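Enquirer: Supplied in structure tokens, the structure appears directly below.
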Amino acid sequence: MRVLLVDDEKELVSTLAERLSFRGIAADWVTSGADALREMEENEYDIAVLDVKMPGMGGLELAREIRSRQPDLEIIFLTGHGSKTDFDEGVSQAGEGYYLAKPVDIEILVEKMNAVLG
Amino acid sequence: MSLFKRIKFSFWNHKERVARAEGQQYIFRNKWKMLAAGICLLTLVPLGVSTIFFYQNSKEQAIRELLEETTVFAADTALDVYMFLKQYIMVLQVIGTMYGKEQLSRPGVLEEIFASMARTDDALVHLDVLGAEGHVLASSCADPHCVRHQDIRWIDDLQSENFSMGHISDREGRHYLFVRVRVAADNGDVFYLRGLLPPDAIKGFLAKLELEDIVDVFIVDSGNFLLTESFYFGPSGQKALVPDTGDLPAAIMIDNPRPDRVGGAILFSGTDYIGGTSMKLGMVVSERNLEKFKKRIHHYIIGLLTLSTIFLLLVVFTLVTYVVQKLYQADLRRREYLDQVARTDKLASIGRLAAGVAHEINNPLAIINEKAGLLQDLVRYNDEYHHDERLLAITDSIIAAVERAGTITHRLLGFARQMDTSVQAMDVEHVVREVVSFVRKEAEYKAITIDVEVAGDVGEIISDRGKLQQILLNLLNNAIAATDTGGRIEITVRNLRDEHAVALTISDNGCGISEENQKKVFEPFFSTKTKNGGTGLGLAITYGLVRDLRGSMELESVVGQGTTFTIILPYEISTEEE
């Protein structure tokens, strides 16, 4: 599986990518929505892990954009905030259980990735 | 004082700090005093003014009453005098009827009759027989020098009267009163008998009529000239000041003609006709009576004033007390409401702050988490670090600490997040037993028994099941934490039919909460367990949840004996309300 990690926290996203690689998951990372869209044009991904709150294009907006381009790409949200509207939209886009709160246990994240791909 | 103590209201002892005043003030007591004083002033001043007005007018009133009384006296006394004269009239009528005109006109007969009559006390002093045309037919008197009275020129109306009265003067100018009767014989003959009354008898009789109130009694003719002597108006022949216009009996107020002698500055003089003749009875009532009447009116006014004042004061005090008590109650309700609003506001703003803080902290936490995780991964997956156990232990504890911090931030977010209510019908007992089953294990570790007692009439309520579960769970967790090993927790559910609500109580026999802390436990971030991982949000969240369910929560606690939380939840909350 190929995973694209999108989070404005470079330290977080790069570390997460490295940790996933230890678990045999190839993960690319970018720190903005615009970069993510550019990256997706160049490479094929199965899953996108998106931070909800990012400067510029946020995770939810990015997800809508991704859906319009690649409807079959699976999306998992990561969030540091628990606002009700974000939660509702995140759940409706990614499905129940794919809206994860930071800090997240990497094993749970891997589990969700496997689950989302069936 | 004891009655006052019994009826005084709760506002009386209410004290509070007021701006621009030192110390605490009895604001409602002061309000009561001001209102009572104000209303008393407003009601009693007009009452006082009108009382003074009536008091000052009491003299006029007394004069009116005394004039009325004098009028009545005059009428009564005139009647008494008529009754006195009646005896002479009777005598004349008997003589006239017995002897007849012819016999009486014969010389010597009248003298004989007169002589026998003169032997009695108070006898007539002169007797005349007059013909129908007014000629003197015969005459007799006690005094040997008595005058033979002249003939009378009749006035028509006098002629037809059965009885009339008049006065006559002798040569010395002495006035004599006389009575005259009309005698009609069977043969149609009419003649008159006239008798002069003994002055001393009249004087004596009138003197007897002078009582305490009546200071002078006299007889006047139609022109108000005295026929008998009067103390105030002088000897007979003088004019007396008596009412001479309008209908009689009547009375007037006059200036005392002899103020140097008796009876004050004014007098009351009354008069009435005697027995339908033109002669009048006059009388004088002294001013003394005026004072008596005034006093009576004053007593009446003062009695009325006292009664009205007592009644007004009662009404004013009752009303003012009622109003101030209502004000006090309204004020208490307002304060309670403001307290609630302030508490809700505090919760809301703290919620927003907490959410912001949690968000900001979650990102660095996530980085720490991932970095520590990476360290762990390196040790685990990279042979270079030879699976260094010490490094793994260090990273483990970092991750554990992050997790702990994460729990707190997630709780903060949970506290801030406004969750939708999913309202549904539920069996309260079922929810309680379900929640108890969650904590059963934990309670068993501390050998705590949890008893659930649900009253038979508790039915289903319509509320948010998730929130109720959370409330119960929070309270149960607190109770378990507060209770020592071997303790006991009791949960009761009762039906409050009148309030359309159910009451849940959760009591423990644990350490209790000090009175000081009882006020703070519902405030966010208040915790006595901070060292043991308490966030101080548990009861604040619980309180918020209870309010979401339109309920109320109360706390009773005694240090060392235990704590009881009581939650009152309405039978039903509508989704629209949410």
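Just so we're on the same page: first chain in the structure tokens is A, next is B, and so on; residues restart at 1 for each chain, and ligands are numbered from 1 in the order they show up.
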So which residues touch Ile75 of chain A within 6 Å, counting only C-alpha atoms, skipping near sequence neighbours fewer than 3 positions away, as a list in words?
Expert: Ile47, Ala48, Val49 and Ala94 of chain A
Enquirer: Now that the selection is made, can you save its residues with N, CA and C atoms as an mmCIF file, in the first residue's frame?
Expert:
```cif
data_model
loop_
_atom_site.group_PDB
_atom_site.id
_atom_site.type_symbol
_atom_site.label_atom_id
_atom_site.label_comp_id
_atom_site.auth_asym_id
_atom_site.auth_seq_id
_atom_site.Cartn_x
_atom_site.Cartn_y
_atom_site.Cartn_z
ATOM 1 N N ILE A 47 -3.999 5.379 0.114
ATOM 2 C CA ILE A 47 -4.594 6.037 1.286
ATOM 3 C C ILE A 47 -3.982 7.424 1.472
ATOM 4 N N ALA A 48 -4.838 8.394 1.876
ATOM 5 C CA ALA A 48 -4.323 9.710 2.275
ATOM 6 C C ALA A 48 -4.675 9.920 3.736
ATOM 7 N N VAL A 49 -3.614 10.227 4.547
ATOM 8 C CA VAL A 49 -3.867 10.552 5.960
ATOM 9 C C VAL A 49 -3.745 12.070 6.092
ATOM 10 N N ALA A 94 -14.961 10.279 5.777
ATOM 11 C CA ALA A 94 -14.037 9.151 5.906
ATOM 12 C C ALA A 94 -14.732 7.914 6.472
#
```
Enquirer: Please give the complete set of residues from chain A that DSSP, run on the backbone, assigns to alpha helix (DSSP H), formatted as a ChimeraX atom specification.
Expert: /A:10-22,33-42,59-69,84-94,106-117
Enquirer: Give me, as a CSV table (one decimal) with C-alpha atoms, in the first residue's frame, the residues of chain B touching chain A, with the criterion being at most 8 Å (counting only C-alpha atoms).
Expert:
```
chain,number,residue,atom,x,y,z
B,355,ALA,CA,-10.6,23.5,23.6
B,358,ALA,CA,-6.1,21.2,24.1
B,359,HIS,CA,-5.7,21.8,20.4
B,360,GLU,CA,-2.4,23.7,20.8
B,362,ASN,CA,-2.2,18.1,21.1
B,363,ASN,CA,0.1,18.9,18.2
B,365,LEU,CA,2.1,16.1,22.1
B,366,ALA,CA,1.7,14.2,18.9
B,367,ILE,CA,5.3,15.2,17.9
B,369,ASN,CA,4.6,10.9,20.8
B,370,GLU,CA,5.9,10.2,17.3
B,371,LYS,CA,9.5,11.0,18.2
B,373,GLY,CA,7.7,6.1,19.0
B,374,LEU,CA,10.5,6.5,16.4
B,377,ASP,CA,11.0,1.7,16.5
B,381,TYR,CA,13.8,-2.6,14.3
B,402,VAL,CA,2.1,11.5,26.4
B,403,GLU,CA,-0.9,9.2,26.7
B,406,GLY,CA,-3.5,13.1,25.8
B,413,LEU,CA,-12.2,18.6,24.3
B,414,GLY,CA,-15.0,16.4,25.4
B,417,ARG,CA,-17.7,19.8,22.7
B,418,GLN,CA,-21.4,20.2,22.7
B,419,MET,CA,-22.8,16.9,22.0
```
Enquirer: Which residues in segment 183-289 of chain B does DSSP call strand (DSSP E)? List them as a PyMOL selection string.
Expert: chain B and resi 183-184+190-196+214-220+250-255+266-273+280-286
Enquirer: What does the file look like for those residues with N, CA and C atoms, as an mmCIF file, in the first residue's frame?
Expert:
```
data_model
loop_
_atom_site.group_PDB
_atom_site.id
_atom_site.type_symbol
_atom_site.label_atom_id
_atom_site.label_comp_id
_atom_site.auth_asym_id
_atom_site.auth_seq_id
_atom_site.Cartn_x
_atom_site.Cartn_y
_atom_site.Cartn_z
ATOM 1 N N VAL B 183 -117.831 78.773 77.646
ATOM 2 C CA VAL B 183 -118.821 77.816 78.144
ATOM 3 C C VAL B 183 -120.081 77.941 77.286
ATOM 4 N N ALA B 184 -120.503 76.822 76.723
ATOM 5 C CA ALA B 184 -121.714 76.824 75.885
ATOM 6 C C ALA B 184 -122.788 76.016 76.599
ATOM 7 N N VAL B 190 -123.885 81.271 75.120
ATOM 8 C CA VAL B 190 -122.430 81.188 75.231
ATOM 9 C C VAL B 190 -121.963 82.291 76.160
ATOM 10 N N PHE B 191 -121.110 81.971 77.082
ATOM 11 C CA PHE B 191 -120.472 83.003 77.915
ATOM 12 C C PHE B 191 -119.042 82.568 78.236
ATOM 13 N N TYR B 192 -118.306 83.458 78.864
ATOM 14 C CA TYR B 192 -116.888 83.212 79.113
ATOM 15 C C TYR B 192 -116.572 83.394 80.574
ATOM 16 N N LEU B 193 -115.646 82.593 81.058
ATOM 17 C CA LEU B 193 -115.152 82.744 82.430
ATOM 18 C C LEU B 193 -113.673 83.065 82.342
ATOM 19 N N ARG B 194 -113.264 84.124 83.072
ATOM 20 C CA ARG B 194 -111.849 84.513 83.025
ATOM 21 C C ARG B 194 -111.306 84.515 84.444
ATOM 22 N N GLY B 195 -110.168 83.855 84.625
ATOM 23 C CA GLY B 195 -109.556 83.814 85.957
ATOM 24 C C GLY B 195 -108.133 84.331 85.887
ATOM 25 N N LEU B 196 -107.780 85.262 86.791
ATOM 26 C CA LEU B 196 -106.387 85.738 86.843
ATOM 27 C C LEU B 196 -105.580 84.769 87.700
ATOM 28 N N ILE B 214 -81.320 74.191 82.394
ATOM 29 C CA ILE B 214 -82.186 75.317 82.067
ATOM 30 C C ILE B 214 -82.032 76.362 83.173
ATOM 31 N N VAL B 215 -81.503 77.526 82.799
ATOM 32 C CA VAL B 215 -81.165 78.501 83.843
ATOM 33 C C VAL B 215 -82.214 79.601 84.011
ATOM 34 N N ASP B 216 -83.156 79.674 83.081
ATOM 35 C CA ASP B 216 -84.168 80.730 83.183
ATOM 36 C C ASP B 216 -85.413 80.282 82.431
ATOM 37 N N VAL B 217 -86.566 80.386 83.088
ATOM 38 C CA VAL B 217 -87.819 80.051 82.408
ATOM 39 C C VAL B 217 -88.788 81.213 82.628
ATOM 40 N N PHE B 218 -89.489 81.644 81.559
ATOM 41 C CA PHE B 218 -90.380 82.792 81.677
ATOM 42 C C PHE B 218 -91.461 82.679 80.612
ATOM 43 N N ILE B 219 -92.441 83.544 80.759
ATOM 44 C CA ILE B 219 -93.519 83.534 79.770
ATOM 45 C C ILE B 219 -93.542 84.903 79.100
ATOM 46 N N VAL B 220 -93.692 84.888 77.769
ATOM 47 C CA VAL B 220 -93.754 86.157 77.028
ATOM 48 C C VAL B 220 -95.036 86.183 76.202
ATOM 49 N N ALA B 250 -88.469 76.803 68.597
ATOM 50 C CA ALA B 250 -87.199 77.117 67.956
ATOM 51 C C ALA B 250 -86.240 77.620 69.017
ATOM 52 N N ALA B 251 -84.945 77.691 68.619
ATOM 53 C CA ALA B 251 -83.942 78.175 69.572
ATOM 54 C C ALA B 251 -82.944 79.030 68.828
ATOM 55 N N ILE B 252 -82.383 80.004 69.513
ATOM 56 C CA ILE B 252 -81.324 80.826 68.917
ATOM 57 C C ILE B 252 -80.183 80.987 69.920
ATOM 58 N N MET B 253 -79.053 81.387 69.339
ATOM 59 C CA MET B 253 -77.911 81.665 70.207
ATOM 60 C C MET B 253 -77.862 83.180 70.396
ATOM 61 N N ILE B 254 -77.687 83.607 71.632
ATOM 62 C CA ILE B 254 -77.664 85.064 71.876
ATOM 63 C C ILE B 254 -76.468 85.407 72.760
ATOM 64 N N ASP B 255 -76.110 86.692 72.703
ATOM 65 C CA ASP B 255 -75.065 87.144 73.629
ATOM 66 C C ASP B 255 -75.679 87.270 75.013
ATOM 67 N N ILE B 266 -72.165 83.510 75.988
ATOM 68 C CA ILE B 266 -73.351 83.292 75.151
ATOM 69 C C ILE B 266 -74.381 82.436 75.880
ATOM 70 N N LEU B 267 -75.588 82.528 75.367
ATOM 71 C CA LEU B 267 -76.700 81.755 75.932
ATOM 72 C C LEU B 267 -77.512 81.186 74.778
ATOM 73 N N PHE B 268 -78.295 80.195 75.108
ATOM 74 C CA PHE B 268 -79.189 79.634 74.099
ATOM 75 C C PHE B 268 -80.608 79.855 74.576
ATOM 76 N N SER B 269 -81.385 80.531 73.749
ATOM 77 C CA SER B 269 -82.743 80.825 74.172
ATOM 78 C C SER B 269 -83.721 80.115 73.249
ATOM 79 N N GLY B 270 -84.687 79.469 73.877
ATOM 80 C CA GLY B 270 -85.649 78.719 73.083
ATOM 81 C C GLY B 270 -87.050 79.121 73.482
ATOM 82 N N THR B 271 -87.996 78.869 72.585
ATOM 83 C CA THR B 271 -89.376 79.234 72.904
ATOM 84 C C THR B 271 -90.374 78.351 72.171
ATOM 85 N N ASP B 272 -91.603 78.275 72.769
ATOM 86 C CA ASP B 272 -92.679 77.548 72.096
ATOM 87 C C ASP B 272 -94.006 78.099 72.611
ATOM 88 N N TYR B 273 -95.039 77.969 71.805
ATOM 89 C CA TYR B 273 -96.369 78.438 72.232
ATOM 90 C C TYR B 273 -96.887 77.540 73.337
ATOM 91 N N LYS B 280 -96.224 82.621 74.906
ATOM 92 C CA LYS B 280 -95.090 81.729 74.626
ATOM 93 C C LYS B 280 -94.286 81.473 75.895
ATOM 94 N N LEU B 281 -93.766 80.298 75.938
ATOM 95 C CA LEU B 281 -92.862 79.932 77.013
ATOM 96 C C LEU B 281 -91.455 80.190 76.503
ATOM 97 N N GLY B 282 -90.677 80.940 77.251
ATOM 98 C CA GLY B 282 -89.283 81.175 76.855
ATOM 99 C C GLY B 282 -88.349 80.560 77.871
ATOM 100 N N MET B 283 -87.218 80.180 77.430
ATOM 101 C CA MET B 283 -86.265 79.582 78.369
ATOM 102 C C MET B 283 -84.839 79.806 77.893
ATOM 103 N N VAL B 284 -83.920 79.727 78.835
ATOM 104 C CA VAL B 284 -82.511 79.979 78.505
ATOM 105 C C VAL B 284 -81.672 78.800 78.998
ATOM 106 N N VAL B 285 -80.792 78.335 78.109
ATOM 107 C CA VAL B 285 -79.859 77.258 78.458
ATOM 108 C C VAL B 285 -78.463 77.851 78.454
ATOM 109 N N SER B 286 -77.700 77.552 79.482
ATOM 110 C CA SER B 286 -76.398 78.218 79.597
ATOM 111 C C SER B 286 -75.339 77.586 78.689
#
```
Enquirer: For Gly56 of chain A, please output as a tab-separated table (two decimals) with N, CA and C atoms, in the first residue's frame all residues within 12 Å (counting only C-alpha atoms; exclusion window: fewer than 6 positions along the same chain).
Expert:
```
chain	number	residue	atom	x	y	z
A	7	ASP	N	0.37	16.91	6.69
A	7	ASP	CA	0.24	17.60	7.99
A	7	ASP	C	1.19	18.79	7.96
A	8	ASP	N	0.72	19.92	8.49
A	8	ASP	CA	1.59	21.10	8.45
A	8	ASP	C	2.73	20.99	9.45
A	31	THR	N	3.60	18.92	3.54
A	31	THR	CA	3.15	19.75	4.68
A	31	THR	C	2.04	20.74	4.31
A	32	SER	N	1.46	20.57	3.11
A	32	SER	CA	0.32	21.45	2.79
A	32	SER	C	-0.60	20.76	1.80
A	33	GLY	N	-1.78	21.29	1.69
A	33	GLY	CA	-2.78	20.73	0.79
A	33	GLY	C	-2.33	20.85	-0.66
A	34	ALA	N	-1.77	22.00	-1.00
A	34	ALA	CA	-1.34	22.23	-2.38
A	34	ALA	C	-0.26	21.22	-2.77
A	35	ASP	N	0.69	21.01	-1.84
A	35	ASP	CA	1.75	20.03	-2.11
A	35	ASP	C	1.14	18.65	-2.29
A	62	LEU	N	-9.35	19.64	1.47
A	62	LEU	CA	-8.43	18.84	0.66
A	62	LEU	C	-9.09	17.50	0.30
```
Enquirer: Quick one: residues within 12 Å of Gln70 of chain A, only C-alpha atoms, excluding same-chain residues fewer than 4 positions away - as a list in words?
Expert: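 Residues near the query, excluding close chain neighbours: Leu37, Met40, Glu41, Asn43, Glu44, Tyr45, Asp46, Ile47, Ala48, Leu62, Ala63, Arg64, Glu65, Ile66, Glu74 and Ile75 of chain A.
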Enquirer: Write out as a ChimeraX atom specification which residues come within 8 Å of Met113 of chain A when counting only C-alpha atoms, dropping same-chain ones fewer than 3 positions away.
Expert: /A:47,76,109-110,116-117
